[in-house]
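S.K.: Got a structure for you, questions after.
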Amino acid sequence: MARTRPLPQTKTLGTPWNLRPATERVPARAVRVGDVVMEGPDHPAIVTQSFKNRLGWVLRARYVWQQPYEAPWALGTFHPDHKIDRALPGEY
């Protein structure tokens, strides 16, 4: 669904992207491909891979401003219960 109103300046910081989406804390095992998670303050990232290995849940991502041809990077390996900030539905 297309956004009908522009995002407020406090969320975009003058960019075309929502850099401060509303989030919820979820366990790493609940994060799926396509989810937007917060890598850090004002750094939302789209999850491109999510899988389990012997060390825990591995997440690979790409910042929302990166192009599709740019290689995703390792967001990290997390314990399945580690809490990650995931954007709420409708924020992206």
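Labels for the structure tokens follow display order: chains A, B, ..., residues from 1 in each chain, ligands from 1.
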Report as a PDB file with N, CA and C atoms, in the first residue's frame: the residues of chain A with a DSSP assignment of helix (DSSP H, G or I), based on the backbone of this structure.

M.R.:
ATOM      1  N   GLN A   9       9.276  15.059   9.277  1.00  0.00           N
ATOM      2  CA  GLN A   9      10.714  15.337   9.241  1.00  0.00           C
ATOM      3  C   GLN A   9      11.453  14.611  10.368  1.00  0.00           C
ATOM      4  N   THR A  10      10.803  14.409  11.511  1.00  0.00           N
ATOM      5  CA  THR A  10      11.472  13.751  12.637  1.00  0.00           C
ATOM      6  C   THR A  10      11.781  12.292  12.351  1.00  0.00           C
ATOM      7  N   LYS A  11      11.089  11.678  11.403  1.00  0.00           N
ATOM      8  CA  LYS A  11      11.364  10.284  11.044  1.00  0.00           C
ATOM      9  C   LYS A  11      12.341  10.165   9.876  1.00  0.00           C
ATOM     10  N   THR A  12      12.322  11.123   8.952  1.00  0.00           N
ATOM     11  CA  THR A  12      13.158  11.006   7.761  1.00  0.00           C
ATOM     12  C   THR A  12      14.487  11.745   7.868  1.00  0.00           C
ATOM     13  N   ALA A  28      15.617 -13.029  18.191  1.00  0.00           N
ATOM     14  CA  ALA A  28      16.316 -13.191  16.912  1.00  0.00           C
ATOM     15  C   ALA A  28      15.682 -14.298  16.071  1.00  0.00           C
ATOM     16  N   ARG A  29      15.188 -15.343  16.698  1.00  0.00           N
ATOM     17  CA  ARG A  29      14.604 -16.457  15.941  1.00  0.00           C
ATOM     18  C   ARG A  29      13.305 -16.055  15.229  1.00  0.00           C
ATOM     19  N   ALA A  30      12.700 -14.919  15.602  1.00  0.00           N
ATOM     20  CA  ALA A  30      11.452 -14.464  14.981  1.00  0.00           C
ATOM     21  C   ALA A  30      11.683 -13.547  13.778  1.00  0.00           C
TER      22      ALA A  30
END

S.K.: Please compute the atom CA of Gly76 of chain A-atom CA of Leu59 of chain A distance, one decimal, in Å.

M.R.: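 One can read the atom CA of Gly76 of chain A to atom CA of Leu59 of chain A distance as 5.6 Å.
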
S.K.: Could you name the residues that touch Val26 of chain A at 12 Å or less, counting only C-alpha atoms, but leaving out those on the same chain fewer than 6 positions away, as number ranges by chain?

M.R.: A: 32, 35-38, 80-88

S.K.: For the residues in that selection, give me N, CA, C and O atoms as a PDB file, in the first residue's frame.

M.R.:
ATOM      1  N   ARG A  32      12.579 -12.531  10.118  1.00  0.00           N
ATOM      2  CA  ARG A  32      12.463 -13.219   8.821  1.00  0.00           C
ATOM      3  C   ARG A  32      13.040 -12.347   7.713  1.00  0.00           C
ATOM      4  O   ARG A  32      13.182 -11.138   7.858  1.00  0.00           O
ATOM      5  N   ASP A  35      12.167  -8.487   6.768  1.00  0.00           N
ATOM      6  CA  ASP A  35      11.916  -7.632   7.931  1.00  0.00           C
ATOM      7  C   ASP A  35      12.925  -6.493   7.955  1.00  0.00           C
ATOM      8  O   ASP A  35      14.072  -6.641   7.524  1.00  0.00           O
ATOM      9  N   VAL A  36      12.506  -5.359   8.480  1.00  0.00           N
ATOM     10  CA  VAL A  36      13.412  -4.225   8.673  1.00  0.00           C
ATOM     11  C   VAL A  36      13.765  -4.184  10.154  1.00  0.00           C
ATOM     12  O   VAL A  36      12.884  -4.129  11.010  1.00  0.00           O
ATOM     13  N   VAL A  37      15.063  -4.259  10.441  1.00  0.00           N
ATOM     14  CA  VAL A  37      15.542  -4.218  11.823  1.00  0.00           C
ATOM     15  C   VAL A  37      16.459  -3.011  11.975  1.00  0.00           C
ATOM     16  O   VAL A  37      16.980  -2.482  10.996  1.00  0.00           O
ATOM     17  N   MET A  38      16.632  -2.578  13.203  1.00  0.00           N
ATOM     18  CA  MET A  38      17.484  -1.432  13.470  1.00  0.00           C
ATOM     19  C   MET A  38      18.890  -1.907  13.811  1.00  0.00           C
ATOM     20  O   MET A  38      19.109  -2.567  14.823  1.00  0.00           O
ATOM     21  N   PRO A  80      19.266 -17.374  20.032  1.00  0.00           N
ATOM     22  CA  PRO A  80      17.867 -17.339  19.581  1.00  0.00           C
ATOM     23  C   PRO A  80      16.953 -16.428  20.401  1.00  0.00           C
ATOM     24  O   PRO A  80      15.974 -15.902  19.877  1.00  0.00           O
ATOM     25  N   ASP A  81      17.267 -16.196  21.673  1.00  0.00           N
ATOM     26  CA  ASP A  81      16.425 -15.354  22.530  1.00  0.00           C
ATOM     27  C   ASP A  81      16.881 -13.895  22.591  1.00  0.00           C
ATOM     28  O   ASP A  81      16.251 -13.079  23.268  1.00  0.00           O
ATOM     29  N   HIS A  82      17.958 -13.554  21.895  1.00  0.00           N
ATOM     30  CA  HIS A  82      18.455 -12.172  21.884  1.00  0.00           C
ATOM     31  C   HIS A  82      17.395 -11.253  21.284  1.00  0.00           C
ATOM     32  O   HIS A  82      16.819 -11.553  20.244  1.00  0.00           O
ATOM     33  N   LYS A  83      17.116 -10.129  21.929  1.00  0.00           N
ATOM     34  CA  LYS A  83      16.077  -9.203  21.466  1.00  0.00           C
ATOM     35  C   LYS A  83      16.632  -8.247  20.406  1.00  0.00           C
ATOM     36  O   LYS A  83      17.696  -7.657  20.588  1.00  0.00           O
ATOM     37  N   ILE A  84      15.886  -8.118  19.310  1.00  0.00           N
ATOM     38  CA  ILE A  84      16.254  -7.252  18.198  1.00  0.00           C
ATOM     39  C   ILE A  84      15.072  -6.314  17.922  1.00  0.00           C
ATOM     40  O   ILE A  84      13.922  -6.720  17.992  1.00  0.00           O
ATOM     41  N   ASP A  85      15.379  -5.066  17.614  1.00  0.00           N
ATOM     42  CA  ASP A  85      14.336  -4.087  17.287  1.00  0.00           C
ATOM     43  C   ASP A  85      13.907  -4.267  15.844  1.00  0.00           C
ATOM     44  O   ASP A  85      14.703  -4.066  14.925  1.00  0.00           O
ATOM     45  N   ARG A  86      12.650  -4.670  15.652  1.00  0.00           N
ATOM     46  CA  ARG A  86      12.082  -4.879  14.309  1.00  0.00           C
ATOM     47  C   ARG A  86      11.011  -3.818  14.059  1.00  0.00           C
ATOM     48  O   ARG A  86      10.195  -3.523  14.939  1.00  0.00           O
ATOM     49  N   ALA A  87      11.029  -3.230  12.847  1.00  0.00           N
ATOM     50  CA  ALA A  87      10.035  -2.217  12.496  1.00  0.00           C
ATOM     51  C   ALA A  87       8.636  -2.815  12.508  1.00  0.00           C
ATOM     52  O   ALA A  87       8.431  -3.957  12.076  1.00  0.00           O
ATOM     53  N   LEU A  88       7.688  -2.056  12.989  1.00  0.00           N
ATOM     54  CA  LEU A  88       6.292  -2.507  13.012  1.00  0.00           C
ATOM     55  C   LEU A  88       5.715  -2.544  11.590  1.00  0.00           C
ATOM     56  O   LEU A  88       6.180  -1.813  10.717  1.00  0.00           O
TER      57      LEU A  88
END

S.K.: Would you mind reading off the distance between atom CA of His79 of chain A and atom CA of Trp65 of chain A, one decimal, in Å?

M.R.: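 One can read the atom CA of His79 of chain A to atom CA of Trp65 of chain A distance as 27.6 Å.
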
S.K.: Applying 9 Å and only C-alpha atoms, which residues near Val64 of chain A remain after dropping the ones on its own chain fewer than 5 positions away? List them as a list of chain:residue names.

M.R.: A:Trp17, A:Asn18, A:Leu19, A:Val36, A:His43, A:Pro44, A:Ala45, A:Ile46

S.K.: Run DSSP on the backbone and give me the residues of chain A it puts in strand (DSSP E), as JSON, numbers by chain.

M.R.: {"A": [23, 24, 25, 26, 27, 36, 37, 38, 39, 40, 43, 44, 45, 46, 47, 48, 49, 50, 51, 52, 53, 56, 57, 58, 59, 60, 61, 62, 63, 73, 74, 75, 76, 77, 78, 83, 84, 85, 86, 87]}

S.K.: Generate the output file for the selected residues, C-alpha atoms, as a short mmCIF file (atom, residue, chain, number, x, y, z; two decimals), in the first residue's frame.

M.R.:
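The new file again.cif reads:
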data_model
loop_
_atom_site.label_atom_id
_atom_site.label_comp_id
_atom_site.auth_asym_id
_atom_site.auth_seq_id
_atom_site.Cartn_x
_atom_site.Cartn_y
_atom_site.Cartn_z
CA THR A 23 9.74 -0.80 16.50
CA GLU A 24 9.02 -3.80 18.66
CA ARG A 25 11.57 -6.01 20.40
CA VAL A 26 11.45 -9.59 19.14
CA PRO A 27 13.73 -12.61 19.64
CA VAL A 36 13.41 -4.22 8.67
CA VAL A 37 15.54 -4.22 11.82
CA MET A 38 17.48 -1.43 13.47
CA GLU A 39 21.24 -1.94 13.17
CA GLY A 40 21.78 1.20 15.21
CA HIS A 43 20.23 2.84 10.60
CA PRO A 44 17.37 0.58 9.47
CA ALA A 45 18.42 -2.52 7.56
CA ILE A 46 16.44 -5.02 5.47
CA VAL A 47 17.17 -8.64 6.39
CA THR A 48 18.30 -10.58 3.30
CA GLN A 49 19.18 -13.89 4.99
CA SER A 50 18.15 -15.48 8.27
CA PHE A 51 19.31 -18.96 9.20
CA LYS A 52 20.42 -21.05 12.14
CA ASN A 53 23.87 -22.56 12.47
CA GLY A 56 23.03 -19.29 16.78
CA TRP A 57 20.84 -17.27 14.39
CA VAL A 58 22.78 -15.60 11.59
CA LEU A 59 21.34 -12.43 10.05
CA ARG A 60 22.62 -10.76 6.89
CA ALA A 61 21.22 -7.39 5.87
CA ARG A 62 21.39 -4.37 3.59
CA TYR A 63 20.70 -0.76 4.64
CA TRP A 73 26.70 -7.72 5.06
CA ALA A 74 26.66 -9.73 8.25
CA LEU A 75 24.43 -8.11 10.85
CA GLY A 76 25.59 -10.72 13.34
CA THR A 77 25.15 -14.11 14.95
CA PHE A 78 22.70 -14.03 17.83
CA LYS A 83 16.08 -9.20 21.47
CA ILE A 84 16.25 -7.25 18.20
CA ASP A 85 14.34 -4.09 17.29
CA ARG A 86 12.08 -4.88 14.31
CA ALA A 87 10.04 -2.22 12.50
#
